[in-house]
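> First, the structure itself, so that you have it in front of you.
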Amino acid sequence: MKKYITDFKIIDKKSHGSQYFSLVLQHPEVLPEIAPGQFVEVMVEGCRDVMLRRPISIHDVDAEKNTITLLIQIVGNGTRQLNTLKVGDMLNLVYPLGKGVFSLNGEKVLLVGGGAGTAPLLHLSKSLKAKGITPTIILGGRTAALVPVQEPFKASGNLFIATDDGSLGEKGLVTQHSMFSNDYDHIYTCGPTPMMKAVARHALQHGIECEVSLENMMACGLGACLCCVVDTDKGHQCVCKEGPVFNAKELTHWLAQ
């Protein structure tokens with residue numbers, strides 16, 4: 001798939017609590033096809049100690065408006081600098097990145113996200129809905145403030161929330177939610193590694209197809225620097241190039257770690 005290096009204009013910005021914000025980016029020309037699970041590499045300007053681009057999952061796509069939405073967690077100097085941007089500013093992206101994308105398969109489908117792992121699941125849920133598949137969606141976080149986006153999911157699926165402290169939805173982990181153990185034929189997940197491993201192990205134990213979007217540390221986004229390598233059943237693979245989405249059946253080495 002062809003990659004582009006392009007300037008986008010920020011046409012909207014929203015804060016989602018103290019740790020998350022979203023940017024709606026518009027391009028003047030027609031966007032290429034962007035599959036659920038792909039990501040961008042964002043140039044961070046104006047911060048002297050940030051030399052490398054930052055990988056950010058594509059949260060949403062509006063092909064009619066030529067917009068991409070990014071949901072960003074503030075975790076370091078790079079993302080703090082991005083949070084200083086304003087509507088009207090320009091942002092340079094390398095996109096769309098990632099070969100391994102969500103398959104859009106299944107009839108009884110479950111999406112499980114945690115924290116920043118919520119990001120790629122919105123584009124996925126909308127794409128499933130467009131195919132006539134209404135997913136069950138469970139989003140989790142330690143507290144209500146750490147479940148950054150909820151409302152947009154309600155239009156494309158049946159949304160449920162789990163928080164560790166019980167401040168929103170059911171109390172407990174996403175894997176302890178009452179909807180988690182229902183009958184599904186396909187599960188898609190993204191979020192903290194322990195959460196994804198628990199979801200993937202459950203799926204494998206119950207014969208459910210499962211796709212995992214890994215969030216390994218990335219630098220180049222093109223498979224050159226090798227810092228995002230994961231040990232798969234096919235050998236060591238770069239998450240940015242061969243992923244970020246993998247079938248759980250290929251990740252038995254990763255699950256055993």
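To be explicit about the labels: the chains of the structure tokens are called A, B, and onward in the order shown, and within each one the residues are counted from 1, while ligands get numbers from 1 in the order they are shown.
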At a cut-off of 9 Å, using only C-alpha atoms, what residues contact Asp49 (chain A)? Leave out same-chain residues fewer than 2 positions from it and give the result as JSON, numbers by chain.
{"A": [47, 51, 77, 78]}
> Within 8 Å of Thr136 (chain A), counting only C-alpha atoms, which residues show up once you throw out same-chain ones fewer than 4 positions away? Write them as a PyMOL selection string, please.
chain A and resi 109-111+157-160
> Nearest to Leu31 (chain A): which of A:Ile137, A:Tyr4, A:Asp12, A:Ser18 is it, counting only C-alpha atoms?
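The answer is A:Tyr4, which sits nearest to Leu31 (chain A).
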> Output as JSON lines one row per residue of region 79-183 of chain A within 8 Å of region 195-201 of chain A: the closest atom pair and its distance in Å to one decimal place, counting only C-alpha atoms, sorted by chain and residue number ascending.

{"residue": "A:Val112", "atom": "CA", "partner": "A:Val199", "partner_atom": "CA", "distance": 8.0}
{"residue": "A:Gly114", "atom": "CA", "partner": "A:Met195", "partner_atom": "CA", "distance": 7.6}
{"residue": "A:Val174", "atom": "CA", "partner": "A:Met195", "partner_atom": "CA", "distance": 7.9}
{"residue": "A:Thr175", "atom": "CA", "partner": "A:Val199", "partner_atom": "CA", "distance": 6.8}
> Mind dumping a table of every region 17-68 of chain A residue within 12 Å of region 208-230 of chain A, with the nearest atom pair and its distance in Å to one decimal, using only C-alpha atoms, sorted by chain and rising number, as CSV?

residue,atom,partner,partner_atom,distance
A:Pro36,CA,A:Ser213,CA,10.3
A:Gly37,CA,A:Ser213,CA,7.1
A:Gln38,CA,A:Ser213,CA,9.5
A:Phe39,CA,A:Gly221,CA,8.9
A:Val40,CA,A:Gly221,CA,8.1
A:Glu41,CA,A:Gly221,CA,6.7
A:Val42,CA,A:Gly221,CA,10.2
A:Met43,CA,A:Cys220,CA,11.3
A:Val50,CA,A:Ala219,CA,11.3
A:Met51,CA,A:Ala219,CA,9.9
A:Leu52,CA,A:Ala219,CA,6.5
A:Arg53,CA,A:Ala219,CA,6.9
A:Arg54,CA,A:Ala219,CA,7.2
A:Pro55,CA,A:Met218,CA,6.6
A:Ile56,CA,A:Glu215,CA,9.7
A:Ser57,CA,A:Glu215,CA,9.2
> Could you save those same residues with N, CA, C and O atoms as a JSON list (two decimals), in the first residue's frame?

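Listed below is the output, out27.json:
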[["chain", "number", "residue", "atom", "x", "y", "z"],
["A", 36, "PRO", "N", -9.20, -0.11, 9.20],
["A", 36, "PRO", "CA", -9.20, -0.13, 10.67],
["A", 36, "PRO", "C", -7.98, -0.87, 11.20],
["A", 36, "PRO", "O", -7.67, -1.98, 10.76],
["A", 37, "GLY", "N", -7.28, -0.25, 12.12],
["A", 37, "GLY", "CA", -6.06, -0.83, 12.68],
["A", 37, "GLY", "C", -4.80, -0.15, 12.20],
["A", 37, "GLY", "O", -3.73, -0.34, 12.79],
["A", 38, "GLN", "N", -4.89, 0.67, 11.15],
["A", 38, "GLN", "CA", -3.70, 1.37, 10.67],
["A", 38, "GLN", "C", -3.40, 2.58, 11.56],
["A", 38, "GLN", "O", -4.21, 3.00, 12.37],
["A", 39, "PHE", "N", -2.19, 3.12, 11.38],
["A", 39, "PHE", "CA", -1.76, 4.23, 12.22],
["A", 39, "PHE", "C", -0.98, 5.25, 11.40],
["A", 39, "PHE", "O", -0.72, 5.04, 10.21],
["A", 40, "VAL", "N", -0.63, 6.35, 12.04],
["A", 40, "VAL", "CA", 0.16, 7.40, 11.40],
["A", 40, "VAL", "C", 1.42, 7.63, 12.23],
["A", 40, "VAL", "O", 1.49, 7.28, 13.40],
["A", 41, "GLU", "N", 2.41, 8.24, 11.59],
["A", 41, "GLU", "CA", 3.59, 8.74, 12.31],
["A", 41, "GLU", "C", 3.53, 10.27, 12.24],
["A", 41, "GLU", "O", 3.51, 10.85, 11.16],
["A", 42, "VAL", "N", 3.47, 10.90, 13.40],
["A", 42, "VAL", "CA", 3.24, 12.34, 13.50],
["A", 42, "VAL", "C", 4.56, 13.07, 13.76],
["A", 42, "VAL", "O", 5.32, 12.69, 14.65],
["A", 43, "MET", "N", 4.82, 14.11, 12.99],
["A", 43, "MET", "CA", 5.98, 14.96, 13.24],
["A", 43, "MET", "C", 5.68, 15.90, 14.40],
["A", 43, "MET", "O", 4.64, 16.56, 14.44],
["A", 50, "VAL", "N", 12.64, 16.09, 21.15],
["A", 50, "VAL", "CA", 11.85, 15.08, 20.44],
["A", 50, "VAL", "C", 12.27, 15.09, 18.98],
["A", 50, "VAL", "O", 11.88, 15.96, 18.21],
["A", 51, "MET", "N", 13.09, 14.12, 18.61],
["A", 51, "MET", "CA", 13.61, 14.06, 17.25],
["A", 51, "MET", "C", 12.78, 13.16, 16.34],
["A", 51, "MET", "O", 12.70, 13.38, 15.14],
["A", 52, "LEU", "N", 12.20, 12.12, 16.92],
["A", 52, "LEU", "CA", 11.49, 11.12, 16.12],
["A", 52, "LEU", "C", 9.99, 11.42, 16.07],
["A", 52, "LEU", "O", 9.43, 12.02, 16.99],
["A", 53, "ARG", "N", 9.36, 10.96, 15.00],
["A", 53, "ARG", "CA", 7.90, 11.05, 14.91],
["A", 53, "ARG", "C", 7.26, 10.15, 15.97],
["A", 53, "ARG", "O", 7.89, 9.23, 16.49],
["A", 54, "ARG", "N", 6.01, 10.42, 16.26],
["A", 54, "ARG", "CA", 5.26, 9.63, 17.23],
["A", 54, "ARG", "C", 4.19, 8.81, 16.53],
["A", 54, "ARG", "O", 3.39, 9.34, 15.75],
["A", 55, "PRO", "N", 4.14, 7.48, 16.80],
["A", 55, "PRO", "CA", 3.10, 6.65, 16.20],
["A", 55, "PRO", "C", 1.77, 6.83, 16.92],
["A", 55, "PRO", "O", 1.71, 6.75, 18.16],
["A", 56, "ILE", "N", 0.70, 7.09, 16.18],
["A", 56, "ILE", "CA", -0.62, 7.30, 16.77],
["A", 56, "ILE", "C", -1.64, 6.49, 15.97],
["A", 56, "ILE", "O", -1.69, 6.57, 14.74],
["A", 57, "SER", "N", -2.47, 5.72, 16.67],
["A", 57, "SER", "CA", -3.52, 4.96, 16.01],
["A", 57, "SER", "C", -4.54, 5.90, 15.37],
["A", 57, "SER", "O", -4.81, 6.99, 15.88]]
> Output as a VMD selection string all residues of region 60-103 of chain A that backbone DSSP marks as strand (DSSP E or B).
chain A and resid 60 to 62 67 to 73 90 to 97 100
> Restrict the calculation to only C-alpha atoms, then for each residue of region 8-36 of chain A with any atom at most 7 Å from an atom of region 81-87 of chain A give the closest atom pair and their distance in Å to one decimal, rows by chain and rising residue number, as a tab-separated table.

residue	atom	partner	partner_atom	distance
A:Ile10	CA	A:Val87	CA	5.0
A:Ile11	CA	A:Val87	CA	5.2
A:Asp12	CA	A:Val87	CA	5.7
A:Lys13	CA	A:Val87	CA	6.5
> Restricting it to N, CA and C atoms, dump the selection as an mmCIF file, in the first residue's frame.

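What landed in selection08.cif:
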data_model
loop_
_atom_site.group_PDB
_atom_site.id
_atom_site.type_symbol
_atom_site.label_atom_id
_atom_site.label_comp_id
_atom_site.auth_asym_id
_atom_site.auth_seq_id
_atom_site.Cartn_x
_atom_site.Cartn_y
_atom_site.Cartn_z
ATOM 1 N N ILE A 10 -5.554 21.137 11.335
ATOM 2 C CA ILE A 10 -6.376 20.810 12.502
ATOM 3 C C ILE A 10 -7.655 21.636 12.441
ATOM 4 N N ILE A 11 -8.797 20.952 12.336
ATOM 5 C CA ILE A 11 -10.077 21.674 12.254
ATOM 6 C C ILE A 11 -10.905 21.529 13.528
ATOM 7 N N ASP A 12 -10.477 20.649 14.436
ATOM 8 C CA ASP A 12 -11.177 20.520 15.708
ATOM 9 C C ASP A 12 -10.232 19.885 16.720
ATOM 10 N N LYS A 13 -10.387 20.276 17.965
ATOM 11 C CA LYS A 13 -9.601 19.704 19.062
ATOM 12 C C LYS A 13 -10.485 19.613 20.289
#
> For Ser181 (chain A), which residue out of A:Glu107, A:Ile138, A:Ala145, A:Phe153 is the nearest one, using only C-alpha atoms?
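Result for the nearest residue to Ser181 (chain A): A:Ile138.
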> Need the shell around Gly100 (chain A): protein/DNA/RNA residues with any atom at most 8 Å away, counting only C-alpha atoms. Skip same-chain ones fewer than 3 positions apart. Format as a ChimeraX atom specification?
/A:37-38,241-246
> Using only C-alpha atoms, tabulate the residues of region 43-90 of chain A lying at most 7 Å from any atom of region 20-25 of chain A, each with its closest atom pair and that distance in Å to one decimal, by chain and increasing residue number, as a Markdown table.

| residue | atom | partner | partner_atom | distance |
| --- | --- | --- | --- | --- |
| A:Thr67 | CA | A:Leu25 | CA | 5.3 |
| A:Ile68 | CA | A:Leu25 | CA | 5.2 |
| A:Thr69 | CA | A:Val24 | CA | 4.4 |
| A:Leu70 | CA | A:Leu23 | CA | 5.3 |
| A:Leu71 | CA | A:Ser22 | CA | 4.4 |
| A:Ile72 | CA | A:Phe21 | CA | 5.5 |
| A:Gln73 | CA | A:Tyr20 | CA | 4.5 |
| A:Ile74 | CA | A:Tyr20 | CA | 6.0 |
> Counting only C-alpha atoms, which residue out of A:Pro28, A:Pro148, A:Pro135, A:Gly141 sits closest to Asn105 (chain A)?
A:Pro135
> Excluding Lys65 (chain A) and its own-chain neighbours fewer than 4 positions away, which residues fall within 9 Å of it when counting only C-alpha atoms? Please give them as a VMD selection string.
chain A and resid 26 to 27 30 61
> Measuring between only C-alpha atoms, which one of A:Ala35, A:Ile187, A:Val44, A:Ala203 shows the shortest distance to Leu97 (chain A)?
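Between A:Ala35, A:Ile187, A:Val44, A:Ala203, the residue approaching Leu97 (chain A) most closely is A:Ala35.
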> Could you tell me which of A:Leu255, A:Leu146, A:Val239, A:Ala155 comes closest to Gly17 (chain A) if we count only C-alpha atoms?
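The closest residue to Gly17 (chain A) is A:Leu146.
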> Quick one, how far is CA of Asn92 (chain A) from CA of Glu64 (chain A)?
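One can read the CA of Asn92 (chain A) to CA of Glu64 (chain A) distance as 20.7 Å.
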> Please, what distance in Å, to one decimal, runs between CA of Leu122 (chain A) and CA of His253 (chain A)?
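Interatomic distance here is 28.6 Å.
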> Quick one: residues within 10 Å of Ser167 (chain A), only C-alpha atoms counted, chain neighbours fewer than 4 positions away excluded, as a PDB file with N, CA and C atoms, in the first residue's frame?

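Resulting contents of part-v9.pdb:
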ATOM      1  N   GLY A 141     -11.010   0.946  32.084  1.00  0.00           N
ATOM      2  CA  GLY A 141      -9.969   1.807  32.620  1.00  0.00           C
ATOM      3  C   GLY A 141      -9.960   1.686  34.131  1.00  0.00           C
ATOM      4  N   ARG A 142      -8.897   2.219  34.744  1.00  0.00           N
ATOM      5  CA  ARG A 142      -8.832   2.137  36.205  1.00  0.00           C
ATOM      6  C   ARG A 142      -9.951   2.948  36.854  1.00  0.00           C
ATOM      7  N   THR A 143     -10.255   4.112  36.251  1.00  0.00           N
ATOM      8  CA  THR A 143     -11.331   4.971  36.738  1.00  0.00           C
ATOM      9  C   THR A 143     -12.140   5.480  35.543  1.00  0.00           C
ATOM     10  N   ALA A 144     -13.255   6.144  35.818  1.00  0.00           N
ATOM     11  CA  ALA A 144     -14.077   6.698  34.743  1.00  0.00           C
ATOM     12  C   ALA A 144     -13.299   7.698  33.905  1.00  0.00           C
ATOM     13  N   ALA A 145     -12.410   8.455  34.531  1.00  0.00           N
ATOM     14  CA  ALA A 145     -11.628   9.463  33.810  1.00  0.00           C
ATOM     15  C   ALA A 145     -10.663   8.851  32.811  1.00  0.00           C
ATOM     16  N   ILE A 161     -19.119  -0.596  29.862  1.00  0.00           N
ATOM     17  CA  ILE A 161     -17.931  -0.035  30.490  1.00  0.00           C
ATOM     18  C   ILE A 161     -17.567  -0.851  31.733  1.00  0.00           C
ATOM     19  N   ALA A 162     -16.266  -1.009  31.945  1.00  0.00           N
ATOM     20  CA  ALA A 162     -15.758  -1.618  33.174  1.00  0.00           C
ATOM     21  C   ALA A 162     -14.667  -0.720  33.738  1.00  0.00           C
ATOM     22  N   THR A 163     -14.732  -0.433  35.035  1.00  0.00           N
ATOM     23  CA  THR A 163     -13.674   0.328  35.691  1.00  0.00           C
ATOM     24  C   THR A 163     -13.217  -0.407  36.945  1.00  0.00           C
ATOM     25  N   LYS A 171     -17.876  -2.807  38.055  1.00  0.00           N
ATOM     26  CA  LYS A 171     -16.598  -2.770  38.760  1.00  0.00           C
ATOM     27  C   LYS A 171     -15.777  -4.002  38.422  1.00  0.00           C
TER      28      LYS A 171
END
> Which one is closest to Pro152 (chain A): A:Ser125, A:Gln205, A:Gln176, A:Ser15? Count only C-alpha atoms.
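Looking only at the distances to Pro152 (chain A), the closest residue turns out to be A:Ser125.
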> If you run DSSP on the backbone, which residues of region 41-231 of chain A are helix (DSSP H, G or I), as a ChimeraX atom specification?
/A:77-82,115-130,144-146,151-155,174-176,193-205
